[in-house]
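Shown next: final_17.cif, given as mmCIF, C-alpha atoms.
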data_query
#
loop_
_atom_site.group_PDB
_atom_site.id
_atom_site.type_symbol
_atom_site.label_atom_id
_atom_site.label_comp_id
_atom_site.auth_asym_id
_atom_site.auth_seq_id
_atom_site.Cartn_x
_atom_site.Cartn_y
_atom_site.Cartn_z
ATOM 1 C CA MET K 149 -128.991 120.713 74.992
ATOM 2 C CA THR K 150 -132.511 120.833 76.442
ATOM 3 C CA THR K 151 -134.007 118.382 78.934
ATOM 4 C CA ALA K 152 -136.324 117.036 76.249
ATOM 5 C CA GLN K 153 -133.365 116.381 73.939
ATOM 6 C CA ALA K 154 -131.465 114.635 76.741
ATOM 7 C CA CYS K 155 -134.438 112.360 77.463
ATOM 8 C CA PHE K 156 -134.877 111.681 73.752
ATOM 9 C CA LEU K 157 -131.225 110.653 73.397
ATOM 10 C CA PHE K 158 -131.356 108.444 76.483
ATOM 11 C CA VAL K 159 -134.432 106.551 75.256
ATOM 12 C CA ALA K 160 -132.942 106.176 71.765
ATOM 13 C CA ALA K 161 -129.727 104.857 73.321
ATOM 14 C CA VAL K 162 -131.570 102.309 75.475
ATOM 15 C CA LEU K 163 -133.393 101.000 72.403
ATOM 16 C CA GLY K 164 -130.237 101.123 70.305
ATOM 17 C CA GLY K 165 -128.169 99.259 72.891
ATOM 18 C CA THR K 166 -130.889 96.634 73.211
ATOM 19 C CA LEU K 167 -131.153 96.096 69.455
ATOM 20 C CA THR K 168 -127.401 95.864 69.012
ATOM 21 C CA SER K 169 -126.996 93.247 71.731
ATOM 22 C CA VAL K 170 -130.003 91.189 70.604
ATOM 23 C CA ALA K 171 -129.323 91.135 66.866
ATOM 24 C CA SER K 172 -127.869 94.397 65.534
ATOM 25 C CA GLY K 173 -129.070 97.699 64.172
ATOM 26 C CA GLY K 174 -128.603 99.966 67.170
ATOM 27 C CA GLY K 175 -126.669 102.408 65.033
ATOM 28 C CA PHE K 176 -129.814 102.983 63.010
ATOM 29 C CA LEU K 177 -131.224 104.702 66.116
ATOM 30 C CA LEU K 178 -128.175 106.283 67.756
ATOM 31 C CA PHE K 179 -126.831 108.095 64.717
ATOM 32 C CA PRO K 180 -130.172 109.509 63.462
ATOM 33 C CA ALA K 181 -131.092 110.636 67.000
ATOM 34 C CA LEU K 182 -128.002 112.865 67.077
ATOM 35 C CA ILE K 183 -128.754 114.168 63.588
ATOM 36 C CA PHE K 184 -132.283 115.035 64.722
ATOM 37 C CA ILE K 185 -131.013 117.265 67.550
ATOM 38 C CA GLY K 186 -128.819 119.178 65.111
ATOM 39 C CA LEU K 187 -125.307 117.702 65.255
ATOM 40 C CA PRO K 188 -123.263 117.703 62.000
ATOM 41 C CA SER K 189 -123.021 114.217 60.504
ATOM 42 C CA ILE K 190 -119.337 113.554 61.245
ATOM 43 C CA ASN K 191 -119.691 114.721 64.863
ATOM 44 C CA ALA K 192 -122.888 112.668 65.180
ATOM 45 C CA ASN K 193 -121.124 109.586 63.849
ATOM 46 C CA ALA K 194 -118.163 109.977 66.209
ATOM 47 C CA THR K 195 -120.467 110.667 69.171
ATOM 48 C CA SER K 196 -122.790 107.726 68.487
ATOM 49 C CA MET K 197 -119.803 105.390 68.173
ATOM 50 C CA THR K 198 -118.338 106.685 71.424
ATOM 51 C CA ALA K 199 -121.651 106.198 73.218
ATOM 52 C CA GLY K 200 -122.232 102.793 71.652
ATOM 53 C CA TRP K 201 -118.805 101.474 72.581
ATOM 54 C CA LEU K 202 -119.583 101.359 76.308
ATOM 55 C CA GLY K 203 -122.809 99.483 75.627
ATOM 56 C CA CYS K 204 -120.890 96.960 73.496
ATOM 57 C CA ALA K 205 -118.321 96.406 76.233
ATOM 58 C CA VAL K 206 -121.055 95.770 78.818
ATOM 59 C CA SER K 207 -122.775 93.333 76.450
ATOM 60 C CA VAL K 208 -119.535 91.374 76.061
ATOM 61 C CA ALA K 209 -119.541 90.804 79.816
ATOM 62 C CA ALA K 210 -123.111 89.520 79.646
ATOM 63 C CA TYR K 211 -122.149 87.139 76.802
ATOM 64 C CA ARG K 212 -119.019 85.749 78.503
ATOM 65 C CA HIS K 213 -120.467 82.215 78.641
ATOM 66 C CA GLU K 214 -121.079 82.126 74.875
ATOM 67 C CA LEU K 215 -117.540 83.405 74.237
ATOM 68 C CA SER K 216 -115.893 80.743 76.387
ATOM 69 C CA GLY K 217 -115.538 78.315 73.469
ATOM 70 C CA GLN K 218 -114.389 80.872 70.907
ATOM 71 C CA GLN K 219 -111.026 82.003 72.306
ATOM 72 C CA ARG K 220 -108.989 81.463 69.159
ATOM 73 C CA ILE K 221 -111.259 83.222 66.728
ATOM 74 C CA SER K 222 -111.939 85.983 69.265
ATOM 75 C CA LEU K 223 -108.220 86.713 69.646
ATOM 76 C CA VAL K 224 -107.507 86.679 65.893
ATOM 77 C CA LEU K 225 -110.500 88.705 64.747
ATOM 78 C CA GLY K 226 -110.404 91.007 67.773
ATOM 79 C CA SER K 227 -106.798 92.030 67.088
ATOM 80 C CA ILE K 228 -107.591 92.678 63.441
ATOM 81 C CA SER K 229 -110.599 94.758 64.454
ATOM 82 C CA LEU K 230 -108.507 97.083 66.613
ATOM 83 C CA VAL K 231 -106.262 98.016 63.698
ATOM 84 C CA GLY K 232 -109.069 98.292 61.145
ATOM 85 C CA GLY K 233 -111.180 100.473 63.416
ATOM 86 C CA MET K 234 -108.396 103.019 63.831
ATOM 87 C CA ILE K 235 -107.801 103.155 60.057
ATOM 88 C CA GLY K 236 -111.519 103.742 59.469
ATOM 89 C CA ALA K 237 -111.641 106.541 62.025
ATOM 90 C CA LEU K 238 -108.724 108.315 60.345
ATOM 91 C CA LEU K 239 -110.473 108.009 56.976
ATOM 92 C CA LEU K 240 -113.589 109.655 58.404
ATOM 93 C CA LEU K 241 -111.633 112.557 59.842
ATOM 94 C CA TYR K 242 -110.208 113.319 56.387
ATOM 95 C CA THR K 243 -113.584 113.044 54.613
ATOM 96 C CA PRO K 244 -115.412 116.345 53.885
ATOM 97 C CA THR K 245 -118.791 116.573 55.616
ATOM 98 C CA ASP K 246 -120.782 117.093 52.393
ATOM 99 C CA ILE K 247 -119.306 113.945 50.844
ATOM 100 C CA PHE K 248 -120.028 111.938 53.979
ATOM 101 C CA ASP K 249 -123.640 113.168 53.956
ATOM 102 C CA ARG K 250 -124.004 111.808 50.416
ATOM 103 C CA LEU K 251 -122.490 108.454 51.378
ATOM 104 C CA ILE K 252 -124.756 107.815 54.376
ATOM 105 C CA PRO K 253 -127.817 106.377 52.566
ATOM 106 C CA TYR K 254 -125.656 104.071 50.446
ATOM 107 C CA LEU K 255 -123.797 102.798 53.504
ATOM 108 C CA LEU K 256 -127.121 102.110 55.202
ATOM 109 C CA LEU K 257 -128.504 100.371 52.110
ATOM 110 C CA LEU K 258 -125.432 98.154 51.768
ATOM 111 C CA SER K 259 -125.551 96.973 55.369
ATOM 112 C CA THR K 260 -129.320 96.441 55.240
ATOM 113 C CA LEU K 261 -129.174 94.311 52.083
ATOM 114 C CA LEU K 262 -126.340 92.165 53.392
ATOM 115 C CA PHE K 263 -128.155 91.518 56.639
ATOM 116 C CA THR K 264 -131.459 90.797 54.893
ATOM 117 C CA PHE K 265 -130.051 88.342 52.355
ATOM 118 C CA GLY K 266 -127.186 86.919 54.415
ATOM 119 C CA GLY K 267 -128.927 83.542 54.797
ATOM 120 C CA LYS K 268 -129.219 83.016 51.036
ATOM 121 C CA ILE K 269 -125.572 83.906 50.548
ATOM 122 C CA THR K 270 -124.709 81.358 53.247
ATOM 123 C CA THR K 271 -126.396 78.598 51.280
ATOM 124 C CA TRP K 272 -124.470 79.602 48.177
ATOM 125 C CA LEU K 273 -121.041 79.695 49.842
ATOM 126 C CA HIS K 274 -121.280 76.422 51.837
ATOM 127 C CA SER K 275 -118.379 77.445 54.072
ATOM 128 C CA ASP K 276 -117.625 76.439 57.671
ATOM 129 C CA LEU K 277 -115.906 79.102 59.756
ATOM 130 C CA GLU K 278 -115.466 77.111 62.954
ATOM 131 C CA ASP K 279 -113.694 74.050 61.482
ATOM 132 C CA SER K 280 -111.619 75.400 58.620
ATOM 133 C CA ARG K 281 -108.315 77.281 58.792
ATOM 134 C CA ARG K 282 -108.951 78.565 55.307
ATOM 135 C CA SER K 283 -112.288 79.955 56.401
ATOM 136 C CA LEU K 284 -110.653 81.629 59.401
ATOM 137 C CA LEU K 285 -108.213 83.337 57.042
ATOM 138 C CA THR K 286 -111.131 84.426 54.859
ATOM 139 C CA ALA K 287 -112.979 85.727 57.902
ATOM 140 C CA SER K 288 -109.870 87.642 59.002
ATOM 141 C CA VAL K 289 -109.597 89.452 55.673
ATOM 142 C CA ILE K 290 -113.308 90.261 55.633
ATOM 143 C CA GLN K 291 -113.234 91.428 59.253
ATOM 144 C CA PHE K 292 -110.313 93.757 58.549
ATOM 145 C CA PHE K 293 -112.347 95.611 55.918
ATOM 146 C CA LEU K 294 -115.461 95.507 58.101
ATOM 147 C CA ALA K 295 -113.461 97.060 60.941
ATOM 148 C CA ILE K 296 -112.319 99.841 58.607
ATOM 149 C CA TYR K 297 -115.952 100.357 57.645
ATOM 150 C CA GLY K 298 -116.979 100.251 61.317
ATOM 151 C CA GLY K 299 -114.394 102.832 62.309
ATOM 152 C CA PHE K 300 -115.457 105.023 59.392
ATOM 153 C CA TYR K 301 -119.196 104.663 59.919
ATOM 154 C CA GLY K 302 -120.538 102.968 63.020
ATOM 155 C CA ALA K 303 -124.178 102.449 62.002
ATOM 156 C CA GLY K 304 -124.830 99.139 60.281
ATOM 157 C CA VAL K 305 -121.510 97.438 60.998
ATOM 158 C CA ALA K 306 -123.197 94.932 63.317
ATOM 159 C CA MET K 307 -125.418 93.831 60.442
ATOM 160 C CA LEU K 308 -122.394 93.365 58.218
ATOM 161 C CA MET K 309 -120.627 91.275 60.854
ATOM 162 C CA LEU K 310 -123.641 89.037 61.392
ATOM 163 C CA ALA K 311 -124.140 88.674 57.653
ATOM 164 C CA THR K 312 -120.493 87.670 57.252
ATOM 165 C CA MET K 313 -120.776 85.119 60.053
ATOM 166 C CA GLU K 314 -123.811 83.654 58.295
ATOM 167 C CA MET K 315 -121.934 83.582 54.999
ATOM 168 C CA LEU K 316 -119.083 81.682 56.651
ATOM 169 C CA GLY K 317 -121.256 79.037 58.246
ATOM 170 C CA MET K 318 -121.937 80.080 61.851
ATOM 171 C CA LYS K 319 -125.396 78.929 62.911
ATOM 172 C CA ASN K 320 -125.831 79.563 66.648
ATOM 173 C CA ILE K 321 -127.343 83.042 66.967
ATOM 174 C CA HIS K 322 -126.205 83.463 70.579
ATOM 175 C CA LYS K 323 -122.564 82.643 69.777
ATOM 176 C CA MET K 324 -122.797 84.942 66.769
ATOM 177 C CA ASN K 325 -124.128 87.762 68.931
ATOM 178 C CA ALA K 326 -121.400 87.220 71.511
ATOM 179 C CA LEU K 327 -118.623 87.313 68.912
ATOM 180 C CA LYS K 328 -120.256 90.250 67.180
ATOM 181 C CA MET K 329 -120.310 92.313 70.373
ATOM 182 C CA LEU K 330 -116.651 91.518 71.066
ATOM 183 C CA LEU K 331 -115.597 92.505 67.540
ATOM 184 C CA MET K 332 -117.669 95.691 67.684
ATOM 185 C CA SER K 333 -116.022 96.606 70.994
ATOM 186 C CA CYS K 334 -112.585 96.110 69.483
ATOM 187 C CA THR K 335 -113.483 97.969 66.292
ATOM 188 C CA SER K 336 -114.925 100.919 68.179
ATOM 189 C CA GLY K 337 -112.195 100.980 70.819
ATOM 190 C CA PHE K 338 -109.318 102.438 68.775
ATOM 191 C CA ALA K 339 -111.748 104.448 66.640
ATOM 192 C CA VAL K 340 -113.151 106.168 69.731
ATOM 193 C CA VAL K 341 -109.643 106.998 70.971
ATOM 194 C CA THR K 342 -108.908 108.543 67.576
ATOM 195 C CA TYR K 343 -112.111 110.609 67.655
ATOM 196 C CA VAL K 344 -111.468 111.802 71.201
ATOM 197 C CA ILE K 345 -107.944 112.940 70.325
ATOM 198 C CA ALA K 346 -109.300 114.745 67.242
ATOM 199 C CA GLY K 347 -111.917 116.541 69.394
ATOM 200 C CA VAL K 348 -114.960 115.630 67.271
ATOM 201 C CA VAL K 349 -117.001 113.959 70.045
ATOM 202 C CA ALA K 350 -119.908 115.980 71.481
ATOM 203 C CA TRP K 351 -119.563 114.958 75.111
ATOM 204 C CA GLN K 352 -122.822 116.228 76.564
ATOM 205 C CA PRO K 353 -125.016 114.108 74.253
ATOM 206 C CA ALA K 354 -122.485 111.270 74.503
ATOM 207 C CA VAL K 355 -122.870 110.982 78.278
ATOM 208 C CA PHE K 356 -126.657 110.571 78.115
ATOM 209 C CA MET K 357 -126.326 108.051 75.319
ATOM 210 C CA MET K 358 -123.629 106.105 77.162
ATOM 211 C CA LEU K 359 -125.980 105.648 80.106
ATOM 212 C CA GLY K 360 -128.715 104.469 77.759
ATOM 213 C CA THR K 361 -126.525 102.009 75.830
ATOM 214 C CA VAL K 362 -125.260 100.467 79.077
ATOM 215 C CA VAL K 363 -128.827 99.852 80.243
ATOM 216 C CA GLY K 364 -129.943 98.578 76.845
ATOM 217 C CA GLY K 365 -126.758 96.643 76.115
ATOM 218 C CA TYR K 366 -126.709 94.574 79.283
ATOM 219 C CA GLY K 367 -130.457 94.123 79.450
ATOM 220 C CA GLY K 368 -130.664 93.242 75.767
ATOM 221 C CA ALA K 369 -127.931 90.623 76.069
ATOM 222 C CA TYR K 370 -129.757 89.069 79.020
ATOM 223 C CA TYR K 371 -133.142 88.893 77.310
ATOM 224 C CA ALA K 372 -131.737 87.968 73.885
ATOM 225 C CA ARG K 373 -131.582 84.327 74.967
ATOM 226 C CA LYS K 374 -135.338 84.339 75.550
ATOM 227 C CA LEU K 375 -136.352 85.905 72.218
ATOM 228 C CA GLN K 376 -136.974 84.239 68.875
ATOM 229 C CA PRO K 377 -134.104 85.280 66.557
ATOM 230 C CA ASP K 378 -136.308 85.330 63.434
ATOM 231 C CA LEU K 379 -138.734 87.819 64.965
ATOM 232 C CA VAL K 380 -135.909 90.070 66.110
ATOM 233 C CA LYS K 381 -134.277 89.903 62.680
ATOM 234 C CA ARG K 382 -137.527 90.874 60.930
ATOM 235 C CA PHE K 383 -137.959 93.852 63.220
ATOM 236 C CA ILE K 384 -134.390 95.014 62.539
ATOM 237 C CA ILE K 385 -134.927 94.685 58.789
ATOM 238 C CA ILE K 386 -138.016 96.914 58.994
ATOM 239 C CA VAL K 387 -136.157 99.519 61.060
ATOM 240 C CA SER K 388 -133.114 99.492 58.793
ATOM 241 C CA PHE K 389 -135.110 99.871 55.573
ATOM 242 C CA ALA K 390 -137.110 102.700 57.129
ATOM 243 C CA MET K 391 -133.949 104.573 58.152
ATOM 244 C CA THR K 392 -132.349 103.935 54.766
ATOM 245 C CA TYR K 393 -135.405 105.390 53.020
ATOM 246 C CA TYR K 394 -135.364 108.414 55.319
ATOM 247 C CA PHE K 395 -131.724 109.207 54.635
ATOM 248 C CA PHE K 396 -132.158 108.853 50.872
ATOM 249 C CA ILE K 397 -135.008 111.364 51.080
ATOM 250 C CA ARG K 398 -132.932 113.609 53.324
ATOM 251 C CA ALA K 399 -129.893 113.488 51.039
ATOM 252 C CA TYR K 400 -131.635 114.084 47.726
ATOM 253 C CA TYR K 401 -135.208 115.315 48.041
ATOM 254 C CA THR K 402 -134.384 118.013 50.592
ATOM 255 C CA HIS K 403 -131.641 119.313 48.289
#
Could you render the structure from this file as structure tokens?
Amino acid sequence: MTTAQACFLFVAAVLGGTLTSVASGGGFLLFPALIFIGLPSINANATSMTAGWLGCAVSVAAYRHELSGQQRISLVLGSISLVGGMIGALLLLYTPTDIFDRLIPYLLLLSTLLFTFGGKITTWLHSDLEDSRRSLLTASVIQFFLAIYGGFYGAGVAMLMLATMEMLGMKNIHKMNALKMLLMSCTSGFAVVTYVIAGVVAWQPAVFMMLGTVVGGYGGAYYARKLQPDLVKRFIIIVSFAMTYYFFIRAYYTH
């Protein structure tokens, strides 16, 4: 890896860690950055998730105040996320690279649409996650499948988690971000262990990206409280649609 590539990955990781901690969407930068320097898609996915995990863990520390009133839901959904993330990682390892390449644009499109229209779905569902045991059960089932998705494909899972929280009635963006970062850390935790054991992580790029996600993750969590959530969400939507368009072109036009 050249010096220019290392600098490129570090900057992408700083931006990705910042976006993930503020709203979501960091995977839309981390994963493509590794593709751009020539890594195969499955190795790039495993490496970006490994790098992103450290940034998520640091962000959780920065959000500890917002998590203080969410112990019950954090314990339930966090435990489910650990198991789902490992299942998703195993699924990825048994997926042929050419099939995964074809799935990428559709996975990006799904997560982008859910994040974009999550507010409208919230209005339709009229559900309250924080006060209803039934809603907690619903959230647990949804989170299990999201964790499988997150372990299988890291990019976009933050959008899906935020969209689900909106669907289930959570309103405070800072509490949502705090819970999201905790669940992403749990989801990625067992998945990363699985990838490391399987030997599919490219460690040299991962180290530079880990440093970047730590800087972006902690700094983003700190400044997230000072930013307008709507503006951040609009920016993420633009980035996610742009990356989705690029990967559709890459998957079909280039072939």
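Among K:Val363, K:Ala205, K:Ala326, K:Ala210, the residue with the shortest atom-to-atom distance to Val162 in chain K, counting all atoms listed in the file, is K:Val363.
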Measuring between only C-alpha atoms, which one of K:Phe292, K:Ala194, K:Tyr242, K:Leu223 shows the shortest distance to Ala350 in chain K?
K:Ala194
Return as a PyMOL selection string the set of residues that the PyMOL selection byres ((chain K and resi 227-232) around 12) yields on the displayed structure.
chain K and resi 220-226+233-239+285+287-300+305+309+327-342
For Gly186 in chain K: contacts at 12 Å, all atoms listed in the file, fewer than 5 positions along chain excluded, given as an mmCIF file with C-alpha atoms, in the frame of the given file:
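Written file, selection-v3.cif:
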data_model
loop_
_atom_site.group_PDB
_atom_site.id
_atom_site.type_symbol
_atom_site.label_atom_id
_atom_site.label_comp_id
_atom_site.auth_asym_id
_atom_site.auth_seq_id
_atom_site.Cartn_x
_atom_site.Cartn_y
_atom_site.Cartn_z
ATOM 1 C CA MET K 149 -128.991 120.713 74.992
ATOM 2 C CA GLN K 153 -133.365 116.381 73.939
ATOM 3 C CA PHE K 179 -126.831 108.095 64.717
ATOM 4 C CA PRO K 180 -130.172 109.509 63.462
ATOM 5 C CA ALA K 181 -131.092 110.636 67.000
ATOM 6 C CA ASN K 191 -119.691 114.721 64.863
ATOM 7 C CA ALA K 192 -122.888 112.668 65.180
ATOM 8 C CA ALA K 350 -119.908 115.980 71.481
ATOM 9 C CA PRO K 353 -125.016 114.108 74.253
#
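Here the question is which of K:Phe158, K:Tyr394, K:Phe176, K:Trp351 gets nearest to Ala306 in chain K using only C-alpha atoms, and that residue is K:Phe176.
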